[in-house]
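Chemist: For reference, the structure I am asking about is given below.
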Amino acid sequence: MYKLILPTRYFLKRRITYLAVVAVALCVFIVVVVMTVMNGLVSEFKGKNHDFVGDCIVSTESLVGFAYYEDFLKQLEKQEFVQAATPVVKGFGLLTQPGTGRNIGVEIMGIEPAGFCEATKFAQTLYYHKENPSDAFTPTYNPTLAGCVVGIDMISRSRDRSGKYYHSSEPMRIELMVTCFPLTAKGALAKAATDLVNSKTIYYSDDSHTGLVKVDARMVYLPFELAGELFGMAGATPRASAIHIKFADGTSLKTGVGRVAKMWKVFAAARANQKYANLLKNVTVQSWPDYRRSSIAPMEKEQMMLILLFGMLGIITVFIIFVVFYMIISHKTKDIGTLKSVGVSRAVIVQLFLTFAALVGLVGAGIGAGAGCGFLVKINDMEDWLFERFGWQLWDRTVYAIGEIPNDIKWEVLAVIMATAVLAALAGAFLPSVRASGQRPVEVLQVNQL
Amino acid sequence: MKQLSLFLCFKYLCGKKILLLSIAAVAMSCALLITVASLFTGFIEAIETSADEHLGDIVIAAPATMTISKYDRLISSLEANGQIEAATAVLSGQGLLHLGKGTGDVRAVRIWGIEPASRERVTPFADLLVKHKGEIEPPAFTAAGDTEQLAGFVGIGVVARPDDVTDEYDFKQVTASIGHKVFLTTGTSELKARIIKFTIADVVFSGVYEFDKDFVYLPIDALAGKLYPSQGKVADMIQIRLSRRARPEAALAVVRGIWRNFAEKELDWPNYAISLAEISTSRQMQARLLAEYKKQMGMLMLIFGVVSAGVVLLIFCIFYLIVMTKQKDIAIVKSCGLDSGAVGLLFVVFGLVIGLIGSGLGVFIGYLFTRNVNYIERLISIVFGLKLWKSSTYMFTRIPNQVNWESVVWIGLAAVLAAAVGALIPAIAAAMVKPVKILRYE
């Protein structure tokens, strides 16, 4: 019983202990707040990337694309683990808006809207065709015109302070001309003998807001067939740049990607002697995190750097606990001497002080975590208040593609932070505890030591 | 006797190894804050400097769809003013570049029509060229062995990609691309695409990803001839370098005056269009973004500053520990004649000394880390295969490694003050030690 009573008494009676508790609480508070916000930003960004490309992507980096995609699509559609698969054509184009002098180099994605919306969450990014994404390329003001969907940042729209874009009730009639270099299967210019480029007049039918800055600022979506014609990928042996796949529920990403990769290997080997087989060699099968690695990796690195920096600062907390325990133990020599003189072992003395340290860590971590959670729950209200009173925002929403400050508390992260705090307290108290247990009763209980 | 007491006190304090802990904590916090502040301010300064270097000090930008004809006269008027050193014209656009036969490589690019000779007087353009760098003659658009063919420069990111692991360009591949014939398609507000065939005469490598990744430079006359065949010499941007003694804000007013005079006399623009021309310093053009970066830096410094406040607690604990364990010694020196005020002051001074040594060490570590951050980053990428800094993410090829001495001063001072504050309560406790109570033998 004394193993619990003594640490509790030390904890309650020694005011210096509160300092250690404050240090632990402060550290836990800051780490909980910063890590929750950072984790939220990273997972939100990852989610947007996932929504944009689907689960698995069979693709080539070459702008020439690869042939026989239709045959592979048929094979994929027969698989029970594949919920949806859709071909995509990708390339670069020049977008011109008559009368405005606007002339922008853009990325073009040729998609089959119905299929693409099944494989990805493209439908949710649309504004006017959210409910009927199959008609995304049909301008409501004139359904007979060839429509296009553009990244939301490509058309000048103002945003409110929460980052929401203003839209009129109906899409405006905007005429655009898209120009592309059509390429042969060998990568040469398909129209080398004539005027080199393909041009087509298209009309704005909707905009897409994926929340990915580079995509929303430079992407134009066209009907798959039209994009194929513009890039020279249509014809007797049509080509595509990628196949986007969504797996059926219950299929893990790893299993699904592994199975598609196996299928692709067999498929490519079977066509090794056919025309354009060389294009199949450049095709890779990737999961969405691998496909979007170049976008996601920098954020993950920043998150890691932040953890590292906080880890360094956490060492200071260990130092504080070390000093506090050193101080407390140096004042408890009589207690230690008495305990040892009645037969308490060294290990139990260490255990006593480590229990005390664990109490400091637990209470500090609890206070810090509680304060952190409370702060996070109110963080958006506080930012709103600051904006209303002082015009201050943590992130200017007209500059950053961030909505609300992420404040979704992950309990597993919280548990890890609290456990680390308790461990830090134990680490800080370990040496003083061992030192205390080494004291000899015959020395500390001498009358001149009392 | 007083000197003896002081000597004893200092001896007690200097003999405590635990004080090294507080020095280490002060140094660590100080170094961390200095590094964060220096890297952030270095990054912000690099953005400002790169804008200055590539755009000049002041930019006159024509409104969309408008072009500035007879720009030579505007440049002459500008250069006649003592505050302006040089000015150069730019015709900008966007296009699509096909990198030659059989490559299948098409890029979306930004096009600048420039005059290399006048540009060289506004920006250090020749220093950025891979092949003709360091040549005495100003850069010119001439392709080796083919003087008839239209020649142009391209950004290094157009012809090569930085390596995924090292983030470095393959210069063999880059130089091999010089001399290649490429096709560029572009257009104006009319719905008609224009094709320009040119030879890559040189490659531009500025170390700023934004300017390296997708720029194509062509002779302004040739570009104007293709885009605006009926308008003669036209530009849509004038970039201005100020003389060294000129102040940008004052010069801005002068440039506005010269622009209005020129536009009213020489251009057939309506009055509202003349006012719509945007005249600003290159730093003003970045101001919104920089304000956000500064805000993020402030937040980061605040967070680390609060956590570093733990140092105050640590110093308090250490000094309190010393006072508690050395009560007898304090009582002895007090009984030798040192008064309470002097004992208290001694602890505060000692806190200051700890702060000074700790912050000195922190400044040294922070300086070393910041100055060598590129080597450290390289070492991490070699040892762990982890590339922390990529130009495609952080704009610049090299991490800005200038120490921000302004931050060093205030962080150092704050550290010294924090140490003194941490020592204050223990100092009071030491001053209140009563020798008669401590030294009695009962």
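We label chains A, B, ... in the order they appear in the structure tokens, count residues from 1 in each chain, and number ligands from 1 in the order shown.
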Skipping near chain neighbours, those fewer than 3 positions away, what residues fall within 6 Å of region 41-58 of chain A using only C-alpha atoms, listed as a PDB file with N, CA and C atoms, in the first residue's frame?

Modeler:
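And here is the file that came out, selection.pdb:
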ATOM      1  N   MET A  38      -1.260  19.902 -38.072  1.00  0.00           N
ATOM      2  CA  MET A  38      -0.367  19.425 -39.152  1.00  0.00           C
ATOM      3  C   MET A  38      -0.876  18.099 -39.716  1.00  0.00           C
ATOM      4  N   ALA A 119     -14.750   6.036 -60.845  1.00  0.00           N
ATOM      5  CA  ALA A 119     -13.407   5.635 -60.377  1.00  0.00           C
ATOM      6  C   ALA A 119     -12.801   6.653 -59.409  1.00  0.00           C
ATOM      7  N   THR A 120     -13.234   7.897 -59.532  1.00  0.00           N
ATOM      8  CA  THR A 120     -12.689   8.956 -58.664  1.00  0.00           C
ATOM      9  C   THR A 120     -13.862   9.756 -58.070  1.00  0.00           C
ATOM     10  N   LYS A 121     -13.540  10.803 -57.337  1.00  0.00           N
ATOM     11  CA  LYS A 121     -14.623  11.641 -56.790  1.00  0.00           C
ATOM     12  C   LYS A 121     -14.749  12.943 -57.571  1.00  0.00           C
ATOM     13  N   ALA A 242      -3.521   6.784 -69.347  1.00  0.00           N
ATOM     14  CA  ALA A 242      -3.663   6.128 -68.039  1.00  0.00           C
ATOM     15  C   ALA A 242      -5.008   5.427 -67.925  1.00  0.00           C
ATOM     16  N   ILE A 243      -5.061   4.489 -66.996  1.00  0.00           N
ATOM     17  CA  ILE A 243      -6.349   3.889 -66.607  1.00  0.00           C
ATOM     18  C   ILE A 243      -6.471   4.101 -65.100  1.00  0.00           C
ATOM     19  N   HIS A 244      -7.537   4.743 -64.690  1.00  0.00           N
ATOM     20  CA  HIS A 244      -7.761   4.980 -63.252  1.00  0.00           C
ATOM     21  C   HIS A 244      -8.733   3.918 -62.732  1.00  0.00           C
ATOM     22  N   ILE A 245      -8.378   3.335 -61.596  1.00  0.00           N
ATOM     23  CA  ILE A 245      -9.156   2.194 -61.085  1.00  0.00           C
ATOM     24  C   ILE A 245      -9.626   2.459 -59.656  1.00  0.00           C
ATOM     25  N   LYS A 246     -10.864   2.046 -59.405  1.00  0.00           N
ATOM     26  CA  LYS A 246     -11.361   2.056 -58.011  1.00  0.00           C
ATOM     27  C   LYS A 246     -11.626   0.604 -57.627  1.00  0.00           C
ATOM     28  N   THR A 284       3.446   1.816 -65.904  1.00  0.00           N
ATOM     29  CA  THR A 284       3.619   1.362 -64.508  1.00  0.00           C
ATOM     30  C   THR A 284       2.260   1.223 -63.832  1.00  0.00           C
ATOM     31  N   VAL A 285       2.218   0.353 -62.858  1.00  0.00           N
ATOM     32  CA  VAL A 285       0.990   0.194 -62.056  1.00  0.00           C
ATOM     33  C   VAL A 285       1.312   0.712 -60.657  1.00  0.00           C
ATOM     34  N   GLN A 286       0.599   1.738 -60.237  1.00  0.00           N
ATOM     35  CA  GLN A 286       0.923   2.371 -58.941  1.00  0.00           C
ATOM     36  C   GLN A 286      -0.322   2.581 -58.088  1.00  0.00           C
ATOM     37  N   SER A 287      -0.117   2.538 -56.784  1.00  0.00           N
ATOM     38  CA  SER A 287      -1.204   2.918 -55.878  1.00  0.00           C
ATOM     39  C   SER A 287      -1.267   4.451 -55.887  1.00  0.00           C
ATOM     40  N   TRP A 288      -2.390   4.997 -55.403  1.00  0.00           N
ATOM     41  CA  TRP A 288      -2.521   6.469 -55.460  1.00  0.00           C
ATOM     42  C   TRP A 288      -1.426   7.198 -54.673  1.00  0.00           C
TER      43      TRP A 288
END

Chemist: May I ask you to extract the residues of chain B within 8 Å of chain A, using only C-alpha atoms, and to give them as a VMD selection string?

Modeler: chain B and resid 21 25 29 64 to 65 93 to 96 98 100 to 110 185 to 191 193 195 289 292 295 to 296 303 307 to 308 310 to 311 313 to 314 317 to 318 321 324 to 325 388 393

Chemist: Identify all residues of region 45-133 of chain A in helix (DSSP H, G or I) (DSSP on the backbone) and supply them as a CSV table (one decimal) with N, CA and C atoms, in the first residue's frame.

Modeler:
chain,number,residue,atom,x,y,z
A,45,PHE,N,-4.8,16.8,-47.4
A,45,PHE,CA,-4.2,16.9,-48.7
A,45,PHE,C,-4.1,15.5,-49.3
A,46,LYS,N,-3.8,14.5,-48.5
A,46,LYS,CA,-3.7,13.1,-49.1
A,46,LYS,C,-5.1,12.7,-49.6
A,47,GLY,N,-6.1,13.0,-48.8
A,47,GLY,CA,-7.5,12.6,-49.2
A,47,GLY,C,-7.9,13.3,-50.5
A,48,LYS,N,-7.5,14.5,-50.7
A,48,LYS,CA,-7.8,15.2,-52.0
A,48,LYS,C,-7.1,14.5,-53.1
A,49,ASN,N,-5.8,14.1,-52.9
A,49,ASN,CA,-5.1,13.4,-54.0
A,49,ASN,C,-5.7,12.1,-54.3
A,50,HIS,N,-6.2,11.4,-53.2
A,50,HIS,CA,-6.9,10.1,-53.4
A,50,HIS,C,-8.1,10.3,-54.2
A,51,ASP,N,-8.9,11.3,-53.8
A,51,ASP,CA,-10.2,11.6,-54.5
A,51,ASP,C,-10.0,11.9,-55.9
A,52,PHE,N,-8.9,12.6,-56.2
A,52,PHE,CA,-8.6,13.0,-57.6
A,52,PHE,C,-8.2,11.9,-58.5
A,53,VAL,N,-7.5,10.9,-58.0
A,53,VAL,CA,-7.0,9.9,-59.0
A,53,VAL,C,-7.6,8.5,-58.8
A,69,TYR,N,-5.3,-0.2,-74.6
A,69,TYR,CA,-5.8,0.0,-73.2
A,69,TYR,C,-7.3,-0.6,-73.1
A,70,GLU,N,-8.0,-0.6,-74.3
A,70,GLU,CA,-9.3,-1.1,-74.3
A,70,GLU,C,-9.4,-2.5,-73.9
A,71,ASP,N,-8.4,-3.3,-74.4
A,71,ASP,CA,-8.4,-4.8,-74.1
A,71,ASP,C,-8.2,-4.9,-72.6
A,72,PHE,N,-7.2,-4.1,-72.1
A,72,PHE,CA,-6.9,-4.3,-70.6
A,72,PHE,C,-8.1,-3.9,-69.8
A,73,LEU,N,-8.8,-2.8,-70.2
A,73,LEU,CA,-10.0,-2.4,-69.5
A,73,LEU,C,-11.0,-3.5,-69.4
A,74,LYS,N,-11.2,-4.2,-70.5
A,74,LYS,CA,-12.2,-5.3,-70.6
A,74,LYS,C,-11.8,-6.3,-69.5
A,75,GLN,N,-10.5,-6.6,-69.5
A,75,GLN,CA,-10.1,-7.6,-68.5
A,75,GLN,C,-10.3,-7.1,-67.0
A,76,LEU,N,-10.1,-5.8,-66.8
A,76,LEU,CA,-10.2,-5.3,-65.5
A,76,LEU,C,-11.7,-5.3,-65.1
A,77,GLU,N,-12.6,-5.0,-66.0
A,77,GLU,CA,-14.0,-4.9,-65.7
A,77,GLU,C,-14.6,-6.3,-65.3
A,113,PRO,N,-16.8,11.2,-68.6
A,113,PRO,CA,-17.2,11.7,-67.3
A,113,PRO,C,-17.9,10.6,-66.4
A,114,ALA,N,-18.8,9.8,-67.0
A,114,ALA,CA,-19.5,8.8,-66.1
A,114,ALA,C,-18.5,7.8,-65.5
A,115,GLY,N,-17.6,7.3,-66.3
A,115,GLY,CA,-16.6,6.3,-65.8
A,115,GLY,C,-15.7,7.0,-64.8
A,116,PHE,N,-15.2,8.2,-65.1
A,116,PHE,CA,-14.2,8.8,-64.3
A,116,PHE,C,-14.8,9.2,-62.9
A,117,CYS,N,-16.1,9.5,-62.9
A,117,CYS,CA,-16.8,9.8,-61.7
A,117,CYS,C,-17.0,8.6,-60.8
A,118,GLU,N,-17.0,7.4,-61.5
A,118,GLU,CA,-17.2,6.2,-60.7
A,118,GLU,C,-15.8,5.8,-60.1
A,119,ALA,N,-14.8,6.0,-60.8
A,119,ALA,CA,-13.4,5.6,-60.4
A,119,ALA,C,-12.8,6.7,-59.4
A,122,PHE,N,-14.6,12.8,-58.9
A,122,PHE,CA,-14.6,14.0,-59.7
A,122,PHE,C,-15.9,14.7,-59.6
A,123,ALA,N,-17.0,14.0,-59.5
A,123,ALA,CA,-18.4,14.6,-59.5
A,123,ALA,C,-18.5,15.6,-58.3
A,124,GLN,N,-17.9,15.3,-57.2
A,124,GLN,CA,-17.9,16.2,-56.1
A,124,GLN,C,-17.2,17.5,-56.3
A,125,THR,N,-16.3,17.5,-57.3
A,125,THR,CA,-15.5,18.7,-57.5
A,125,THR,C,-16.2,19.7,-58.4
A,133,PRO,N,-23.1,14.3,-63.3
A,133,PRO,CA,-21.8,14.4,-63.8
A,133,PRO,C,-21.6,13.9,-65.2

Chemist: So that I can see what lies close to region 229-236 of chain B, please list as a count of residues only the residues with an atom at most 7 Å from it, counting only C-alpha atoms and leaving out residues fewer than 5 positions away in the same chain.

Modeler: 13

Chemist: For Asp153 (chain A), please output as a PyMOL selection string all residues within 12 Å (counting only C-alpha atoms; exclusion window: fewer than 5 positions along the same chain).

Modeler: chain A and resi 106+158-159+163-166+207-220+398-401

Chemist: DSSP on the backbone, strand (DSSP E or B) only: what residues of region 137-256 of chain A does that give? Format it as a ChimeraX atom specification.

Modeler: /A:147-151,159,165,175-180,183,189,198-208,219-223,239-240,242-247
